[in-house]
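*Asks:* I am attaching a structure below and will ask some questions about it afterwards.
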Amino acid sequence: MLTISKHDEDLFGAIAAGADGYLLKNSEPEELRRAIILVAEGKSVLSPEVTAGHEGCEQRAGNAAEIGLSKREMEVLDCLAQGMTSAQIASDLFITENTVKTHVRHILEKLEAANRAEAVSRAIQLGLIEVN
């Protein structure tokens, strides 16, 4: 997404809608070119101006990428950490319960966890999710 907005709600809305990149319109052409290449490679890109104060989010995204968790899997993992059922997650994320179960299975495999509770525990240890 190429935008003028530095507002958190716009950034988070774009990410929730599936944006893999969020750059400000004042980005240099070379920065924009690099961002397009990175997104094409499956990576995420955010303008430094919008990530100020969100260093923890950036670290979490980096950790998730290293493990191979997709954005959607991270969303499901966050829901698991909140104790949500598959039906609740499906409703919250506007996907089917079968899709939730598939994401959970992938999360368990990638985190080498035997069950949901162990996946959440490992995710906390790895810094993927924060305990409030």
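Each chain in the structure tokens gets a letter, A, B and so on, in the order shown; residues start at 1 in every chain, and ligands are counted from 1 in the order they appear.
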If you run DSSP on this backbone, which residues of chain A come out as strand (DSSP E or B), and could you give them as a list of chain:residue names?
*Replies:* A:Leu2, A:Thr3, A:Gly21, A:Tyr22, A:Leu23, A:Leu24, A:Val45, A:Leu46
*Asks:* Based on the selection just made, write N, CA, C and O atoms of those residues as a compact mmCIF listing (two decimals), in the first residue's frame.
*Replies:*
# COMPACT_ATOMS: atom_id res chain seq x y z
N LEU A 2 0.59 2.16 -0.84
CA LEU A 2 1.31 3.43 -0.91
C LEU A 2 0.33 4.49 -0.44
O LEU A 2 -0.74 4.67 -1.03
N THR A 3 0.69 5.20 0.64
CA THR A 3 -0.26 6.10 1.27
C THR A 3 0.44 7.32 1.86
O THR A 3 1.65 7.35 1.99
N GLY A 21 2.83 -4.68 2.35
CA GLY A 21 3.71 -3.53 2.44
C GLY A 21 2.91 -2.29 2.74
O GLY A 21 1.74 -2.18 2.38
N TYR A 22 3.55 -1.35 3.44
CA TYR A 22 2.89 -0.09 3.79
C TYR A 22 3.96 0.99 3.72
O TYR A 22 4.79 1.12 4.61
N LEU A 23 3.97 1.71 2.60
CA LEU A 23 4.96 2.74 2.38
C LEU A 23 4.29 4.10 2.25
O LEU A 23 3.19 4.21 1.70
N LEU A 24 4.99 5.11 2.72
CA LEU A 24 4.47 6.47 2.60
C LEU A 24 4.81 7.02 1.22
O LEU A 24 5.83 6.66 0.62
N VAL A 45 7.01 -5.28 4.21
CA VAL A 45 7.77 -4.04 4.25
C VAL A 45 6.92 -2.94 4.85
O VAL A 45 5.77 -2.75 4.46
N LEU A 46 7.48 -2.21 5.81
CA LEU A 46 6.81 -1.07 6.42
C LEU A 46 7.75 0.12 6.39
O LEU A 46 8.95 -0.02 6.65
*Asks:* Identify which of the residues A:Ile36, A:Asn115, A:Ser27, A:His106 lies closest to Pro48 in chain A, counting only C-alpha atoms when measuring atom-to-atom distances.
*Replies:*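 Checking each of A:Ile36, A:Asn115, A:Ser27, A:His106 against Pro48 in chain A, counting only C-alpha atoms, the winner is A:Ser27.
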*Asks:* What's the separation between CA of Ile107 in chain A and CA of Phe94 in chain A, in Å to one decimal place?
*Replies:*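 Spanning CA of Ile107 in chain A to CA of Phe94 in chain A is a straight-line distance of 18.6 Å.
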*Asks:* Taking only C-alpha atoms into account, name the residue in A:Ala87, A:Met74, A:Ala119, A:Ala19 that is nearest to Gly42 in chain A.
*Replies:*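 Among the listed residues, A:Ala19 lies closest to Gly42 in chain A.
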*Asks:* Looking at A:Ser5, A:Ser70, A:Gln125, A:Ser44, which one is nearest to Val104 in chain A, with distances taken over only C-alpha atoms?
*Replies:*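 Smallest distance to Val104 in chain A is found for A:Ser70.
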*Asks:* Near Leu108 in chain A, counting only C-alpha atoms, which residues have an atom at most 10 Å away, once you skip same-chain residues fewer than 3 positions from it, shown as a PDB file with N, CA and C atoms, in the first residue's frame?
*Replies:*
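To be explicit, this is the file written out as result-v5.pdb:
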ATOM      1  N   LEU A  77      -2.886 -17.929  15.825  1.00  0.00           N
ATOM      2  CA  LEU A  77      -2.110 -18.138  17.047  1.00  0.00           C
ATOM      3  C   LEU A  77      -2.480 -17.122  18.122  1.00  0.00           C
ATOM      4  N   THR A 102      -6.968 -26.328   9.791  1.00  0.00           N
ATOM      5  CA  THR A 102      -5.780 -26.467   8.940  1.00  0.00           C
ATOM      6  C   THR A 102      -4.669 -25.538   9.422  1.00  0.00           C
ATOM      7  N   HIS A 103      -5.024 -24.291   9.734  1.00  0.00           N
ATOM      8  CA  HIS A 103      -4.019 -23.354  10.245  1.00  0.00           C
ATOM      9  C   HIS A 103      -3.445 -23.843  11.575  1.00  0.00           C
ATOM     10  N   VAL A 104      -4.285 -24.355  12.449  1.00  0.00           N
ATOM     11  CA  VAL A 104      -3.813 -24.864  13.743  1.00  0.00           C
ATOM     12  C   VAL A 104      -2.847 -26.021  13.512  1.00  0.00           C
ATOM     13  N   ARG A 105      -3.188 -26.913  12.604  1.00  0.00           N
ATOM     14  CA  ARG A 105      -2.297 -28.036  12.308  1.00  0.00           C
ATOM     15  C   ARG A 105      -0.930 -27.542  11.828  1.00  0.00           C
ATOM     16  N   LEU A 111       5.747 -25.070  15.063  1.00  0.00           N
ATOM     17  CA  LEU A 111       6.257 -24.819  16.418  1.00  0.00           C
ATOM     18  C   LEU A 111       6.658 -26.115  17.116  1.00  0.00           C
ATOM     19  N   GLU A 112       6.491 -27.242  16.411  1.00  0.00           N
ATOM     20  CA  GLU A 112       6.797 -28.561  16.966  1.00  0.00           C
ATOM     21  C   GLU A 112       6.100 -28.752  18.308  1.00  0.00           C
ATOM     22  N   ALA A 113       4.801 -28.466  18.306  1.00  0.00           N
ATOM     23  CA  ALA A 113       3.992 -28.567  19.513  1.00  0.00           C
ATOM     24  C   ALA A 113       2.994 -29.709  19.375  1.00  0.00           C
ATOM     25  N   ALA A 114       2.681 -30.327  20.503  1.00  0.00           N
ATOM     26  CA  ALA A 114       1.755 -31.454  20.509  1.00  0.00           C
ATOM     27  C   ALA A 114       0.298 -31.013  20.563  1.00  0.00           C
ATOM     28  N   ASN A 115       0.049 -29.806  21.096  1.00  0.00           N
ATOM     29  CA  ASN A 115      -1.322 -29.331  21.233  1.00  0.00           C
ATOM     30  C   ASN A 115      -1.341 -27.808  21.261  1.00  0.00           C
ATOM     31  N   ARG A 116      -2.538 -27.239  21.324  1.00  0.00           N
ATOM     32  CA  ARG A 116      -2.702 -25.785  21.287  1.00  0.00           C
ATOM     33  C   ARG A 116      -1.984 -25.095  22.447  1.00  0.00           C
ATOM     34  N   ALA A 117      -2.122 -25.656  23.644  1.00  0.00           N
ATOM     35  CA  ALA A 117      -1.508 -25.035  24.822  1.00  0.00           C
ATOM     36  C   ALA A 117       0.018 -24.990  24.683  1.00  0.00           C
ATOM     37  N   GLU A 118       0.585 -26.069  24.196  1.00  0.00           N
ATOM     38  CA  GLU A 118       2.033 -26.105  23.997  1.00  0.00           C
ATOM     39  C   GLU A 118       2.455 -25.122  22.908  1.00  0.00           C
ATOM     40  N   ALA A 119       1.634 -24.978  21.870  1.00  0.00           N
ATOM     41  CA  ALA A 119       1.930 -24.014  20.802  1.00  0.00           C
ATOM     42  C   ALA A 119       1.953 -22.596  21.367  1.00  0.00           C
ATOM     43  N   VAL A 120       0.976 -22.260  22.177  1.00  0.00           N
ATOM     44  CA  VAL A 120       0.931 -20.926  22.782  1.00  0.00           C
ATOM     45  C   VAL A 120       2.134 -20.714  23.694  1.00  0.00           C
ATOM     46  N   ARG A 122       5.100 -22.149  23.519  1.00  0.00           N
ATOM     47  CA  ARG A 122       6.302 -21.970  22.685  1.00  0.00           C
ATOM     48  C   ARG A 122       6.314 -20.607  22.017  1.00  0.00           C
TER      49      ARG A 122
END
*Asks:* From the set A:Ile95, A:Ile129, A:Val39, A:Leu69, which residue has the shortest atom-to-atom contact distance to Gln82 in chain A, counting only C-alpha atoms?
*Replies:* A:Ile129
*Asks:* Can you work out the spacing between CA of Glu109 in chain A and CA of Glu97 in chain A in Å, to one decimal?
*Replies:*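 We find that CA of Glu109 in chain A and CA of Glu97 in chain A lie 18.4 Å from each other.
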*Asks:* Quick check, in Å to one decimal: how far apart do CA of Gly68 in chain A and CA of Lys110 in chain A lie?
*Replies:* 7.0 Å
*Asks:* Identify all residues of chain A in helix (DSSP H, G or I) (DSSP on the backbone) and supply them as number ranges by chain.
*Replies:* A: 8-16, 29-40, 48-51, 55-67, 71-81, 86-93, 97-111, 116-125
